[in-house]
file model.txt (compact mmCIF, C-alpha atoms and all ligand atoms)
# COMPACT_ATOMS: atom_id res chain seq x y z
CA MET A 773 -3.06 -24.12 16.97
CA THR A 774 -3.91 -22.51 13.62
CA ASP A 775 -1.35 -22.84 10.86
CA TYR A 776 -0.64 -19.43 9.36
CA LEU A 777 2.05 -20.62 6.95
CA VAL A 778 1.37 -19.78 3.30
CA LYS A 779 1.51 -22.93 1.17
CA GLN A 780 3.92 -23.10 -1.75
CA GLU A 781 1.02 -23.60 -4.17
CA ASP A 782 -0.47 -20.31 -2.96
CA LEU A 783 2.85 -18.51 -3.39
CA ASP A 784 3.05 -19.98 -6.89
CA LEU A 785 -0.44 -18.72 -7.69
CA LEU A 786 0.51 -15.22 -6.51
CA GLU A 787 3.64 -15.30 -8.68
CA ARG A 788 1.67 -16.41 -11.75
CA THR A 789 -0.90 -13.69 -11.07
CA LYS A 790 1.87 -11.11 -10.75
CA ASP A 791 3.21 -12.18 -14.14
CA ARG A 792 -0.26 -11.76 -15.66
CA CYS A 793 -0.58 -8.37 -14.01
CA ASN A 794 2.76 -7.26 -15.46
CA ASN A 795 1.46 -8.02 -18.95
CA CYS A 796 -2.11 -6.86 -18.38
CA GLN A 797 -3.79 -4.50 -20.86
CA LYS A 798 -7.33 -4.87 -19.55
CA CYS A 799 -7.70 -1.13 -19.13
CA PRO A 800 -5.95 1.86 -20.78
CA LEU A 801 -3.60 2.33 -17.81
CA GLY A 802 -1.66 -0.67 -19.07
CA LEU A 803 -0.35 1.44 -21.95
CA LEU A 804 0.67 4.32 -19.67
CA ARG A 805 2.53 2.53 -16.89
CA THR A 806 6.27 2.19 -16.49
CA LYS A 807 5.83 -0.82 -14.20
CA SER A 808 2.76 -2.43 -12.73
CA VAL A 809 2.78 -2.68 -8.95
CA PHE A 810 1.46 -6.02 -7.77
CA SER A 811 2.54 -6.28 -4.16
CA GLY A 812 5.17 -5.61 -1.55
CA GLY A 813 6.01 -6.84 1.92
CA VAL A 814 5.69 -10.50 2.74
CA PRO A 815 2.87 -12.87 1.74
CA ASN A 816 1.22 -13.96 4.99
CA LYS A 817 -2.15 -14.92 6.42
CA LYS A 818 -2.22 -12.45 9.27
CA LEU A 819 -1.95 -8.85 8.10
CA MET A 820 -2.62 -7.23 4.71
CA LEU A 821 -2.75 -3.57 3.78
CA VAL A 822 -4.71 -2.45 0.71
CA GLY A 823 -3.93 1.02 -0.62
CA GLU A 824 -5.21 3.02 -3.57
CA ALA A 825 -3.01 3.07 -6.68
CA PRO A 826 0.66 3.50 -7.57
CA GLY A 827 2.07 7.03 -7.61
CA TYR A 828 5.10 8.32 -9.50
CA TRP A 829 7.80 6.45 -7.57
CA GLU A 830 5.77 3.27 -7.27
CA ASP A 831 5.31 3.28 -11.05
CA GLN A 832 9.05 3.79 -11.53
CA LYS A 833 10.11 1.05 -9.13
CA GLY A 834 7.27 -1.46 -9.35
CA GLU A 835 6.91 -1.43 -5.53
CA PRO A 836 3.98 -0.16 -3.47
CA PHE A 837 4.39 2.63 -0.94
CA VAL A 838 7.85 3.92 -1.77
CA GLY A 839 8.69 7.61 -1.57
CA LYS A 840 7.72 9.82 1.34
CA ALA A 841 4.31 8.27 1.97
CA GLY A 842 5.88 4.82 2.05
CA GLN A 843 8.56 5.94 4.47
CA LEU A 844 5.89 7.31 6.77
CA LEU A 845 3.93 4.07 6.51
CA ASP A 846 7.04 2.13 7.52
CA LYS A 847 7.47 4.43 10.53
CA ILE A 848 3.84 3.93 11.56
CA PHE A 849 4.29 0.15 11.39
CA ALA A 850 7.64 0.30 13.19
CA SER A 851 6.08 2.29 16.06
CA VAL A 852 4.28 -0.91 17.11
CA GLY A 853 6.93 -3.40 16.03
CA PHE A 854 5.64 -4.31 12.55
CA SER A 855 7.80 -4.27 9.45
CA ARG A 856 6.92 -4.81 5.81
CA GLN A 857 9.79 -7.31 5.57
CA ASN A 858 8.35 -9.57 8.25
CA ASP A 859 4.72 -8.84 9.00
CA VAL A 860 2.66 -7.16 6.28
CA TYR A 861 1.54 -7.99 2.75
CA ILE A 862 0.94 -4.75 0.85
CA CYS A 863 -1.05 -4.23 -2.32
CA ASN A 864 -3.17 -1.61 -4.02
CA THR A 865 -6.70 -1.48 -5.36
CA LEU A 866 -5.32 -0.57 -8.79
CA LYS A 867 -2.08 -2.05 -10.08
CA CYS A 868 -1.11 0.66 -12.60
CA ARG A 869 -0.65 4.39 -12.07
CA PRO A 870 -3.49 6.70 -13.15
CA PRO A 871 -2.18 9.81 -14.96
CA ASP A 872 -1.34 12.71 -12.63
CA ASN A 873 -2.34 10.51 -9.68
CA ARG A 874 -6.03 11.10 -10.33
CA ASN A 875 -8.53 8.83 -8.61
CA PRO A 876 -9.12 5.50 -10.34
CA LEU A 877 -12.16 5.39 -12.62
CA PRO A 878 -14.89 2.86 -11.84
CA GLU A 879 -14.16 0.91 -15.04
CA GLU A 880 -10.45 0.75 -14.15
CA LYS A 881 -11.26 -0.57 -10.68
CA ASP A 882 -13.62 -3.14 -12.19
CA ALA A 883 -11.02 -4.29 -14.72
CA CYS A 884 -8.34 -4.61 -12.04
CA ARG A 885 -10.48 -6.16 -9.32
CA GLU A 886 -9.63 -9.71 -10.36
CA PHE A 887 -6.04 -9.27 -9.17
CA LEU A 888 -7.03 -7.92 -5.77
CA ASP A 889 -9.59 -10.69 -5.35
CA ILE A 890 -6.92 -13.31 -6.05
CA GLN A 891 -4.58 -11.70 -3.52
CA VAL A 892 -7.23 -11.60 -0.79
CA GLY A 893 -8.70 -14.98 -1.71
CA THR A 894 -5.33 -16.72 -1.77
CA LEU A 895 -3.96 -15.37 1.49
CA LYS A 896 -7.27 -14.94 3.35
CA PRO A 897 -5.60 -12.62 5.87
CA ARG A 898 -7.21 -12.30 9.31
CA ILE A 899 -6.67 -8.52 9.39
CA ILE A 900 -7.05 -6.20 6.39
CA LEU A 901 -6.17 -2.51 6.68
CA LEU A 902 -7.97 -0.31 4.16
CA CYS A 903 -5.66 2.59 3.54
CA GLY A 904 -7.58 5.61 2.24
CA ASN A 905 -10.98 6.17 0.65
CA ILE A 906 -10.45 4.19 -2.55
CA ALA A 907 -9.61 1.02 -0.63
CA VAL A 908 -12.51 1.57 1.76
CA GLN A 909 -14.97 1.95 -1.12
CA SER A 910 -13.66 -1.28 -2.65
CA PHE A 911 -14.61 -3.33 0.40
CA ILE A 912 -17.39 -1.51 2.26
CA GLU A 913 -20.43 -0.71 0.16
CA GLY A 914 -21.84 2.74 0.79
CA ALA A 915 -19.05 3.57 3.25
CA ARG A 916 -18.84 7.12 4.51
CA GLY A 917 -15.60 9.08 4.09
CA ILE A 918 -12.39 7.91 5.70
CA THR A 919 -12.56 10.48 8.51
CA LYS A 920 -15.90 8.96 9.59
CA VAL A 921 -14.94 5.28 9.40
CA ARG A 922 -11.24 5.17 10.30
CA GLY A 923 -10.39 3.28 13.43
CA GLN A 924 -13.52 1.11 13.30
CA TRP A 925 -13.56 -2.64 12.76
CA PHE A 926 -15.69 -4.06 9.94
CA ASP A 927 -16.38 -7.62 8.83
CA GLY A 928 -14.28 -8.48 5.79
CA PRO A 929 -13.93 -11.32 3.28
CA TYR A 930 -13.21 -14.83 4.57
CA GLY A 931 -13.87 -13.74 8.15
CA ALA A 932 -11.23 -11.00 8.16
CA LYS A 933 -11.39 -8.08 10.50
CA MET A 934 -11.03 -4.89 8.43
CA MET A 935 -10.09 -1.43 9.61
CA PRO A 936 -10.02 1.73 7.48
CA ILE A 937 -6.99 3.90 8.23
CA PHE A 938 -5.74 7.22 6.89
CA HIS A 939 -3.51 7.14 3.83
CA PRO A 940 0.03 8.27 4.72
CA SER A 941 -0.03 10.89 1.96
CA TYR A 942 -2.99 12.49 3.77
CA LEU A 943 -0.96 12.47 6.98
CA LEU A 944 1.93 14.17 5.17
CA ARG A 945 -0.43 17.01 4.26
CA ASN A 946 -1.64 17.33 7.87
CA ASP A 947 1.41 17.79 10.00
CA SER A 948 -0.12 18.51 13.42
CA ARG A 949 0.34 15.92 16.15
CA GLU A 950 -2.15 17.56 18.50
CA LYS A 951 -4.80 15.46 20.15
CA GLY A 952 -7.56 14.78 17.60
CA SER A 953 -5.36 15.52 14.56
CA PRO A 954 -5.08 12.88 11.78
CA LYS A 955 -1.57 11.88 12.94
CA TRP A 956 -2.74 11.53 16.52
CA LEU A 957 -5.72 9.43 15.37
CA MET A 958 -3.40 7.25 13.28
CA TRP A 959 -1.35 6.61 16.40
CA GLN A 960 -4.50 5.44 18.21
CA ASP A 961 -5.47 3.22 15.29
CA ILE A 962 -2.14 1.47 14.87
CA GLN A 963 -2.06 0.68 18.58
CA GLU A 964 -5.55 -0.81 18.35
CA ILE A 965 -4.45 -2.84 15.32
CA ARG A 966 -1.45 -4.14 17.28
CA ARG A 967 -3.66 -5.00 20.23
CA VAL A 968 -6.08 -7.04 18.10
CA TYR A 969 -3.20 -8.66 16.19
CA ASP A 970 -1.63 -9.81 19.47
CA GLU A 971 -4.96 -11.09 20.72
CA LEU A 972 -5.69 -13.03 17.51
CA PHE A 973 -2.25 -14.59 17.25
CA LYS A 974 -1.24 -15.06 20.87
CA ASP A 975 -1.16 -18.85 20.47
CA SER A 976 0.53 -19.00 17.08
S1 LIG B 1 -4.73 -1.11 -13.90
FE1 LIG B 1 -5.15 -3.28 -13.60
S2 LIG B 1 -6.62 -3.80 -15.21
FE2 LIG B 1 -5.64 -1.86 -15.81
S3 LIG B 1 -3.91 -2.52 -17.10
FE3 LIG B 1 -3.15 -2.28 -14.99
S4 LIG B 1 -3.25 -4.35 -14.14
FE4 LIG B 1 -4.57 -4.32 -15.97

call {"tool": "encode", "arguments": {"input": "model.txt", "output": "structure tokens"}}
result
Amino acid sequence: MTDYLVKQEDLDLLERTKDRCNNCQKCPLGLLRTKSVFSGGVPNKKLMLVGEAPGYWEDQKGEPFVGKAGQLLDKIFASVGFSRQNDVYICNTLKCRPPDNRNPLPEEKDACREFLDIQVGTLKPRIILLCGNIAVQSFIEGARGITKVRGQWFDGPYGAKMMPIFHPSYLLRNDSREKGSPKWLMWQDIQEIRRVYDELFKDS
């Protein structure tokens, strides 16, 4: 049986990295933030979600995926029995909020990459969900847009299975639940994620 417990030394490393992130000034966003947003959910070796960058509420609270998009993400997880309290480690590609929620600049992503690499390299999760285009581009070189790649499994770091999924803020802008709509597709994807999760961890 595989041991999926996170060692104390790994939790300590994540805490030390979070402290460094909170004091980081490696790119100009460090001067603009209210709070950096290192991670949310629970550190674990099974399921990680990587998003894009903090928005207004995330910057205020220092937590990823709060506000309406975060509430929708929680509902999507809950629909298949996942919760951020018990099952998912959540982080972003960029740890500080870009002004007016613009897309991160390449040099900002490069400066911040170290933190994401430590998070992935420490936990080595078996499943990584890439939430939105920015996360997809950070892990899949030359990837097509999210609508083309969502719902497909890719090989990820440390043997992870990676799946691009729609960002919940995109789903909020596309309200239809009709067959083939983004919300309908998200429903297919989260069920597939649950299926693979159960298959991978049936003996643990
Ligand atoms: S975005 Fe990343 S690299 Fe830039 S200041 Fe924040 S933590 Fe540092």

call {"tool": "closest_residue", "arguments": {"input": "model.txt", "among": "A:Asp831, A:Glu964, A:Lys818, A:Gly802", "to": "Ser976 of chain A", "atoms": "all atoms listed in the file"}}
result
A:Lys818

call {"tool": "atom_distance", "arguments": {"input": "model.txt", "atom1": "atom CA of Gly904 of chain A", "atom2": "atom CA of Asp970 of chain A"}}
result
23.9 Å

call {"tool": "residues_around", "arguments": {"input": "model.txt", "residues": "Arg792 of chain A", "least_positions_apart": "5", "cutoff": "12 Å", "atoms": "all atoms listed in the file", "output": "NGL selection string"}}
result
:A and (785-787 or 797-798 or 802 or 808-810 or 867 or 884 or 886-887 or 890)

call {"tool": "residues_near_ligand", "arguments": {"input": "model.txt", "ligand": "ligand LIG 1 (chain B)", "cutoff": "8 Å", "atoms": "all atoms listed in the file", "output": "list in words"}}
result
Cys793, Asn794, Asn795, Cys796, Gln797, Lys798, Cys799, Pro800, Leu801, Gly802, Leu803, Arg805, Ser808, Leu866, Lys867, Cys868, Arg869, Pro870, Glu880, Lys881, Asp882, Ala883, Cys884, Arg885 and Phe887 of chain A

call {"tool": "write_last_selection", "arguments": {"input": "model.txt", "atoms": "C-alpha atoms", "output": "compact mmCIF listing (two decimals), in the frame of the given file"}}
result
# COMPACT_ATOMS: atom_id res chain seq x y z
CA CYS A 793 -0.58 -8.37 -14.01
CA ASN A 794 2.76 -7.26 -15.46
CA ASN A 795 1.46 -8.02 -18.95
CA CYS A 796 -2.11 -6.86 -18.38
CA GLN A 797 -3.79 -4.50 -20.86
CA LYS A 798 -7.33 -4.87 -19.55
CA CYS A 799 -7.70 -1.13 -19.13
CA PRO A 800 -5.95 1.86 -20.78
CA LEU A 801 -3.60 2.33 -17.81
CA GLY A 802 -1.66 -0.67 -19.07
CA LEU A 803 -0.35 1.44 -21.95
CA ARG A 805 2.53 2.53 -16.89
CA SER A 808 2.76 -2.43 -12.73
CA LEU A 866 -5.32 -0.57 -8.79
CA LYS A 867 -2.08 -2.05 -10.08
CA CYS A 868 -1.11 0.66 -12.60
CA ARG A 869 -0.65 4.39 -12.07
CA PRO A 870 -3.49 6.70 -13.15
CA GLU A 880 -10.45 0.75 -14.15
CA LYS A 881 -11.26 -0.57 -10.68
CA ASP A 882 -13.62 -3.14 -12.19
CA ALA A 883 -11.02 -4.29 -14.72
CA CYS A 884 -8.34 -4.61 -12.04
CA ARG A 885 -10.48 -6.16 -9.32
CA PHE A 887 -6.04 -9.27 -9.17

call {"tool": "atom_distance", "arguments": {"input": "model.txt", "atom1": "atom CA of Leu902 of chain A", "atom2": "atom CA of Pro936 of chain A"}}
result
4.4 Å

call {"tool": "residues_around", "arguments": {"input": "model.txt", "residues": "Lys840 of chain A", "least_positions_apart": "4", "cutoff": "12 Å", "atoms": "all atoms listed in the file", "output": "list in words"}}
result
Gly827, Tyr828, Trp829, Glu830, Pro836, Leu844, Leu845, Asp846, Lys847, His939, Pro940, Ser941, Tyr942, Leu943, Leu944 and Arg945 of chain A

call {"tool": "closest_residue", "arguments": {"input": "model.txt", "among": "A:Ser910, A:Thr865, A:Gln924, A:Thr894", "to": "Glu781 of chain A", "atoms": "only C-alpha atoms"}}
result
A:Thr894

call {"tool": "closest_residue", "arguments": {"input": "model.txt", "among": "A:Gly842, A:Gly914, A:Gly923, A:Gly853", "to": "Pro954 of chain A", "atoms": "only C-alpha atoms"}}
result
A:Gly923

call {"tool": "atom_distance", "arguments": {"input": "model.txt", "atom1": "atom CA of Met935 of chain A", "atom2": "atom CA of Val908 of chain A"}}
result
8.7 Å

call {"tool": "residues_around", "arguments": {"input": "model.txt", "residues": "Ser851 of chain A", "least_positions_apart": "3", "cutoff": "9 Å", "atoms": "all atoms listed in the file", "output": "list of chain:residue names"}}
result
A:Asp846, A:Lys847, A:Ile848, A:Phe854, A:Trp959, A:Ile962, A:Gln963

call {"tool": "closest_residue", "arguments": {"input": "model.txt", "among": "A:Glu879, A:Asp791, A:Asp782, A:Asp859", "to": "Leu895 of chain A", "atoms": "all atoms listed in the file"}}
result
A:Asp782

call {"tool": "closest_residue", "arguments": {"input": "model.txt", "among": "A:Ser953, A:Thr919, A:Ser948, A:Gln843", "to": "Arg856 of chain A", "atoms": "only C-alpha atoms"}}
result
A:Gln843

call {"tool": "residues_near_point", "arguments": {"input": "model.txt", "point": "(-0.7, -10.6, 15.5)", "cutoff": "10 Å", "atoms": "all atoms listed in the file", "output": "PDB file with C-alpha atoms, keeping the file's coordinate frame"}}
result
ATOM      1  CA  LYS A 818      -2.220 -12.450   9.270  1.00  0.00           C
ATOM      2  CA  LEU A 819      -1.950  -8.850   8.100  1.00  0.00           C
ATOM      3  CA  PHE A 854       5.640  -4.310  12.550  1.00  0.00           C
ATOM      4  CA  ASP A 859       4.720  -8.840   9.000  1.00  0.00           C
ATOM      5  CA  ARG A 898      -7.210 -12.300   9.310  1.00  0.00           C
ATOM      6  CA  ILE A 899      -6.670  -8.520   9.390  1.00  0.00           C
ATOM      7  CA  ILE A 965      -4.450  -2.840  15.320  1.00  0.00           C
ATOM      8  CA  ARG A 966      -1.450  -4.140  17.280  1.00  0.00           C
ATOM      9  CA  ARG A 967      -3.660  -5.000  20.230  1.00  0.00           C
ATOM     10  CA  VAL A 968      -6.080  -7.040  18.100  1.00  0.00           C
ATOM     11  CA  TYR A 969      -3.200  -8.660  16.190  1.00  0.00           C
ATOM     12  CA  ASP A 970      -1.630  -9.810  19.470  1.00  0.00           C
ATOM     13  CA  GLU A 971      -4.960 -11.090  20.720  1.00  0.00           C
ATOM     14  CA  LEU A 972      -5.690 -13.030  17.510  1.00  0.00           C
ATOM     15  CA  PHE A 973      -2.250 -14.590  17.250  1.00  0.00           C
ATOM     16  CA  LYS A 974      -1.240 -15.060  20.870  1.00  0.00           C
ATOM     17  CA  ASP A 975      -1.160 -18.850  20.470  1.00  0.00           C
ATOM     18  CA  SER A 976       0.530 -19.000  17.080  1.00  0.00           C
TER      19      SER A 976
END

call {"tool": "closest_residue", "arguments": {"input": "model.txt", "among": "A:Gly917, A:Pro815, A:Pro876, A:Gly834", "to": "Lys896 of chain A", "atoms": "all atoms listed in the file"}}
result
A:Pro815

call {"tool": "residues_around", "arguments": {"input": "model.txt", "residues": "Val860 of chain A", "least_positions_apart": "2", "cutoff": "7 Å", "atoms": "all atoms listed in the file", "output": "PyMOL selection string"}}
result
chain A and resi 813-814+819-821+855-856+858+862

call {"tool": "write_last_selection", "arguments": {"input": "model.txt", "atoms": "C-alpha atoms", "output": "compact mmCIF listing (two decimals), in the coordinates of the input"}}
result
# COMPACT_ATOMS: atom_id res chain seq x y z
CA GLY A 813 6.01 -6.84 1.92
CA VAL A 814 5.69 -10.50 2.74
CA LEU A 819 -1.95 -8.85 8.10
CA MET A 820 -2.62 -7.23 4.71
CA LEU A 821 -2.75 -3.57 3.78
CA SER A 855 7.80 -4.27 9.45
CA ARG A 856 6.92 -4.81 5.81
CA ASN A 858 8.35 -9.57 8.25
CA ILE A 862 0.94 -4.75 0.85

call {"tool": "decode", "arguments": {"input": "model.txt", "residues": "segment 847-968 of chain A", "atoms": "C-alpha atoms", "output": "compact mmCIF listing (two decimals), in the first residue's frame"}}
result
# COMPACT_ATOMS: atom_id res chain seq x y z
CA LYS A 847 -19.72 23.47 -5.27
CA ILE A 848 -18.04 21.71 -8.19
CA PHE A 849 -15.85 19.75 -5.77
CA ALA A 850 -18.77 19.01 -3.45
CA SER A 851 -20.80 17.58 -6.35
CA VAL A 852 -18.44 14.57 -6.34
CA GLY A 853 -17.71 14.48 -2.62
CA PHE A 854 -14.46 16.50 -2.51
CA SER A 855 -13.88 19.39 -0.15
CA ARG A 856 -11.00 21.83 0.13
CA GLN A 857 -10.85 21.10 3.87
CA ASN A 858 -10.20 17.39 3.36
CA ASP A 859 -9.13 16.56 -0.16
CA VAL A 860 -7.52 19.32 -2.22
CA TYR A 861 -4.39 21.46 -2.00
CA ILE A 862 -4.99 24.73 -3.85
CA CYS A 863 -2.43 27.19 -5.14
CA ASN A 864 -1.95 29.67 -7.95
CA THR A 865 0.63 30.17 -10.66
CA LEU A 866 1.28 33.69 -9.33
CA LYS A 867 1.19 34.45 -5.62
CA CYS A 868 0.42 38.19 -5.77
CA ARG A 869 -2.44 39.99 -7.49
CA PRO A 870 -1.74 41.68 -10.84
CA PRO A 871 -3.34 45.15 -11.06
CA ASP A 872 -6.92 45.11 -12.37
CA ASN A 873 -6.70 41.31 -12.60
CA ARG A 874 -4.71 41.50 -15.83
CA ASN A 875 -2.94 38.36 -17.02
CA PRO A 876 0.43 37.73 -15.39
CA LEU A 877 3.44 38.93 -17.39
CA PRO A 878 6.03 36.35 -18.44
CA GLU A 879 8.67 37.92 -16.17
CA GLU A 880 6.27 37.79 -13.21
CA LYS A 881 5.55 34.12 -13.85
CA ASP A 882 9.27 33.41 -14.13
CA ALA A 883 10.03 35.24 -10.88
CA CYS A 884 7.26 33.41 -9.03
CA ARG A 885 7.83 29.95 -10.50
CA GLU A 886 10.17 28.90 -7.70
CA PHE A 887 7.29 28.85 -5.22
CA LEU A 888 5.04 26.74 -7.42
CA ASP A 889 7.90 24.34 -8.14
CA ILE A 890 8.49 23.88 -4.41
CA GLN A 891 4.79 23.21 -3.83
CA VAL A 892 4.60 20.62 -6.61
CA GLY A 893 8.00 19.14 -5.83
CA THR A 894 7.31 18.79 -2.12
CA LEU A 895 3.88 17.22 -2.35
CA LYS A 896 4.33 15.38 -5.67
CA PRO A 897 0.55 15.01 -6.03
CA ARG A 898 -0.74 12.16 -8.19
CA ILE A 899 -3.42 14.37 -9.79
CA ILE A 900 -2.95 18.02 -10.75
CA LEU A 901 -5.88 20.07 -12.04
CA LEU A 902 -4.83 23.02 -14.20
CA CYS A 903 -7.54 25.60 -13.72
CA GLY A 904 -7.64 28.03 -16.65
CA ASN A 905 -5.24 29.00 -19.44
CA ILE A 906 -2.48 30.51 -17.32
CA ALA A 907 -2.06 27.31 -15.32
CA VAL A 908 -2.20 25.20 -18.46
CA GLN A 909 0.53 27.26 -20.13
CA SER A 910 2.70 26.87 -17.03
CA PHE A 911 2.75 23.08 -17.31
CA ILE A 912 2.05 22.15 -20.94
CA GLU A 913 4.39 23.72 -23.46
CA GLY A 914 2.65 24.95 -26.58
CA ALA A 915 -0.77 23.97 -25.21
CA ARG A 916 -3.81 25.05 -27.18
CA GLY A 917 -6.53 27.09 -25.47
CA ILE A 918 -8.45 25.72 -22.52
CA THR A 919 -11.55 24.92 -24.58
CA LYS A 920 -9.43 22.58 -26.73
CA VAL A 921 -7.55 20.80 -23.94
CA ARG A 922 -9.98 20.68 -21.02
CA GLY A 923 -11.06 17.26 -19.93
CA GLN A 924 -7.95 15.54 -21.32
CA TRP A 925 -5.29 13.81 -19.25
CA PHE A 926 -1.65 14.86 -19.69
CA ASP A 927 1.56 13.56 -18.14
CA GLY A 928 2.70 15.88 -15.37
CA PRO A 929 5.70 16.31 -13.07
CA TYR A 930 6.75 13.40 -10.86
CA GLY A 931 4.40 11.04 -12.68
CA ALA A 932 1.27 13.09 -11.97
CA LYS A 933 -1.79 12.88 -14.12
CA MET A 934 -2.78 16.43 -15.12
CA MET A 935 -6.11 17.65 -16.41
CA PRO A 936 -6.90 21.18 -17.62
CA ILE A 937 -10.30 22.38 -16.43
CA PHE A 938 -12.27 25.58 -16.91
CA HIS A 939 -11.68 28.38 -14.43
CA PRO A 940 -14.79 28.96 -12.29
CA SER A 941 -14.81 32.67 -13.20
CA TYR A 942 -15.25 31.60 -16.84
CA LEU A 943 -18.16 29.40 -15.79
CA LEU A 944 -19.73 32.35 -13.96
CA ARG A 945 -19.71 34.27 -17.24
CA ASN A 946 -21.32 31.36 -19.11
CA ASP A 947 -24.46 30.48 -17.26
CA SER A 948 -26.03 27.89 -19.58
CA ARG A 949 -26.23 24.31 -18.36
CA GLU A 950 -27.25 22.92 -21.75
CA LYS A 951 -25.46 19.91 -23.13
CA GLY A 952 -22.09 21.05 -24.54
CA SER A 953 -22.01 24.31 -22.52
CA PRO A 954 -18.93 25.06 -20.34
CA LYS A 955 -20.86 24.19 -17.15
CA TRP A 956 -22.06 20.92 -18.63
CA LEU A 957 -18.49 20.10 -19.73
CA MET A 958 -17.19 20.93 -16.26
CA TRP A 959 -19.68 18.44 -14.84
CA GLN A 960 -18.29 15.75 -17.17
CA ASP A 961 -14.72 16.63 -16.21
CA ILE A 962 -15.19 16.56 -12.45
CA GLN A 963 -16.85 13.17 -12.70
CA GLU A 964 -13.92 11.86 -14.73
CA ILE A 965 -11.53 13.31 -12.14
CA ARG A 966 -13.45 11.54 -9.37
CA ARG A 967 -13.41 8.29 -11.32
CA VAL A 968 -9.63 8.38 -11.80
